[in-house]
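Colleague: After the structure tokens below, expect a handful of questions from me.
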Amino acid sequence: MSRILAVDYGTKRIGLAVTDPLQISVNGLPTQSQANYWAFLETYILEEDVGKVVLGYPEHADGAPTALYPHIKGLARKLKKNFPELQLVLHPEDYTSKRASEIILKAGVNKKQRREKERIDKISAVLILQDYLGHI
């Protein structure tokens with residue numbers, strides 16, 4: 001089996017999470033800046049036997065895509081062009097940032113660490129991937 005990589009795309013930061021090779025557990029990867037994420041993805045996909053990428057996409061309450069949707073579709077096209085063997089899946093992210101913030105708060109993380117947006121992005125990516133795995 002190969003790994004499944006999840007992407008929580010944002011205009012400033014990209015949250016990432018990945019399964020183990022047996023697709024049993026999910027772990028967060030270092031959050032990447034907009035400027036650095038593509039180089040990280042290229043290297044990671046080539047070195048870690050990633051077979052599928054799950055792209056979280058946000059929707060409004062009425063189901064309409066948000067302003068991020070064209071960026072996410074652009075990333076999907078770039079991934080397909082550079083890695084034609086990859087399976088790509090768009091998966092709704094259903095308020096993962098809010099849920100990630102609640103998880104961090106319940107975990108007792110101190111106020112200074114709760115302000116670190118990278119932590120929220122990483123946990124959001126983990127939630128996207130866990131939700132996806134729960135639906136396959």
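Note on naming: chains are A, B, ... as they come in the structure tokens, residues start from 1 per chain, ligands start from 1 in the order shown.
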Please provide the set of residues having any atom within 6 Å of Ala125 in chain A, restricted to only C-alpha atoms, with same-chain residues fewer than 6 positions apart removed, written as a PyMOL selection string.

Modeller: chain A and resi 6-8+15-17

Colleague: Could you name the residues that touch Pro70 in chain A at 12 Å or less, counting only C-alpha atoms, but leaving out those on the same chain fewer than 4 positions away, as a list in words?

Modeller: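 Result of the neighbour search: Tyr9, Gly10, Thr11, Tyr57, Pro58, Pro65, Thr66, Gly74, Leu75, Ala76 and Arg77 of chain A.
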
Colleague: Skipping near chain neighbours, those fewer than 5 positions away, what residues fall within 10 Å of Ala35 in chain A using only C-alpha atoms, listed as a PDB file with C-alpha atoms, in the first residue's frame?

Modeller:
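Below is the file that was written, around35.pdb:
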```
ATOM      1  CA  LYS A  12      -0.865  31.875   3.943  1.00  0.00           C
ATOM      2  CA  ARG A  13      -0.155  28.339   5.146  1.00  0.00           C
ATOM      3  CA  ILE A  14      -0.706  24.766   3.973  1.00  0.00           C
TER       4      ILE A  14
END
```

Colleague: Using DSSP secondary structure from the backbone, list all strand (DSSP E) positions within chain A, as a PyMOL selection string.

Modeller: chain A and resi 3-9+13-19+26-33+50-57+87-92

Colleague: Just list the residues in range 10-104 of chain A DSSP gives alpha helix (DSSP H) on the backbone, as a PyMOL selection string.

Modeller: chain A and resi 37-47+69-82+96-104

Colleague: Using only C-alpha atoms, which residues sit within 9 Å of Asn27 in chain A once same-chain residues fewer than 6 positions away are excluded, as JSON, numbers by chain?

Modeller: {"A": [16, 17, 18, 19, 20, 122, 123, 126]}

Colleague: A:Pro21, A:Gly51, A:Gly56, A:Gly63: which is nearest Ser124 in chain A, counting only C-alpha atoms?

Modeller: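 So, comparing all the options, the nearest one is A:Gly56.
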
Colleague: Nearest residue to His60 in chain A out of A:Ile128, A:Glu93, A:Leu133, A:Ala39, using only C-alpha atoms?

Modeller: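 Comparing A:Ile128, A:Glu93, A:Leu133, A:Ala39 against His60 in chain A, the winner is A:Glu93.
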
Colleague: In Å to one decimal, how far is CA of Gln32 in chain A from CA of Lys52 in chain A?

Modeller: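 Distance between the two atoms: 19.0 Å.
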
Colleague: Tell me which of A:Asp131, A:Ser2, A:Thr31, A:Leu88 sits closest to Leu55 in chain A, counting only C-alpha atoms.

Modeller: A:Leu88

Colleague: In terms of the shortest atom-to-atom distance over only C-alpha atoms, which of A:Ala61, A:Ile72, A:Val54, A:Leu127 is closest to Gly28 in chain A?

Modeller: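 So, comparing all the options, the nearest one is A:Leu127.
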
Colleague: Quick one, how far is CA of Lys80 in chain A from CA of Asn36 in chain A?

Modeller: 18.9 Å

Colleague: Could you pull the residues within 12 Å of Asn82 in chain A, counting only C-alpha atoms, minus those fewer than 4 positions along the same chain, as number ranges by chain?

Modeller: A: 38, 41-43, 45-46, 75-78, 86

Colleague: Next, dump the selected residues to file, keeping only N, CA and C atoms, as a CSV table (one decimal), in the first residue's frame.

Modeller:
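To be explicit, this is the file written out as part_39.csv:
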```
chain,number,residue,atom,x,y,z
A,38,TRP,N,5.2,23.9,-2.3
A,38,TRP,CA,5.3,23.1,-3.5
A,38,TRP,C,6.6,22.2,-3.5
A,41,LEU,N,6.1,19.4,-1.1
A,41,LEU,CA,5.2,18.4,-1.6
A,41,LEU,C,5.9,17.5,-2.7
A,42,GLU,N,6.6,18.2,-3.6
A,42,GLU,CA,7.4,17.4,-4.6
A,42,GLU,C,8.3,16.4,-4.0
A,43,THR,N,9.1,16.8,-3.0
A,43,THR,CA,10.1,16.0,-2.4
A,43,THR,C,9.4,14.9,-1.6
A,45,ILE,N,6.3,13.6,-1.9
A,45,ILE,CA,5.6,12.6,-2.7
A,45,ILE,C,6.6,11.7,-3.4
A,46,LEU,N,7.7,12.2,-3.8
A,46,LEU,CA,8.7,11.3,-4.5
A,46,LEU,C,9.4,10.4,-3.5
A,75,LEU,N,-4.2,23.7,-7.6
A,75,LEU,CA,-3.2,22.8,-7.0
A,75,LEU,C,-3.5,21.4,-7.6
A,76,ALA,N,-4.8,21.0,-7.7
A,76,ALA,CA,-5.1,19.6,-8.2
A,76,ALA,C,-4.5,19.5,-9.6
A,77,ARG,N,-4.7,20.5,-10.5
A,77,ARG,CA,-4.2,20.4,-11.9
A,77,ARG,C,-2.6,20.3,-11.8
A,78,LYS,N,-2.0,21.1,-11.0
A,78,LYS,CA,-0.5,21.0,-10.9
A,78,LYS,C,0.0,19.7,-10.4
A,86,LEU,N,-0.8,9.8,-9.5
A,86,LEU,CA,-1.4,10.1,-8.2
A,86,LEU,C,-2.9,10.1,-8.4
```

Colleague: Could you jot down the CA of Ser33 in chain A to CA of Leu79 in chain A separation for me, Å, one decimal place?

Modeller: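 Distance between the two atoms: 17.4 Å.
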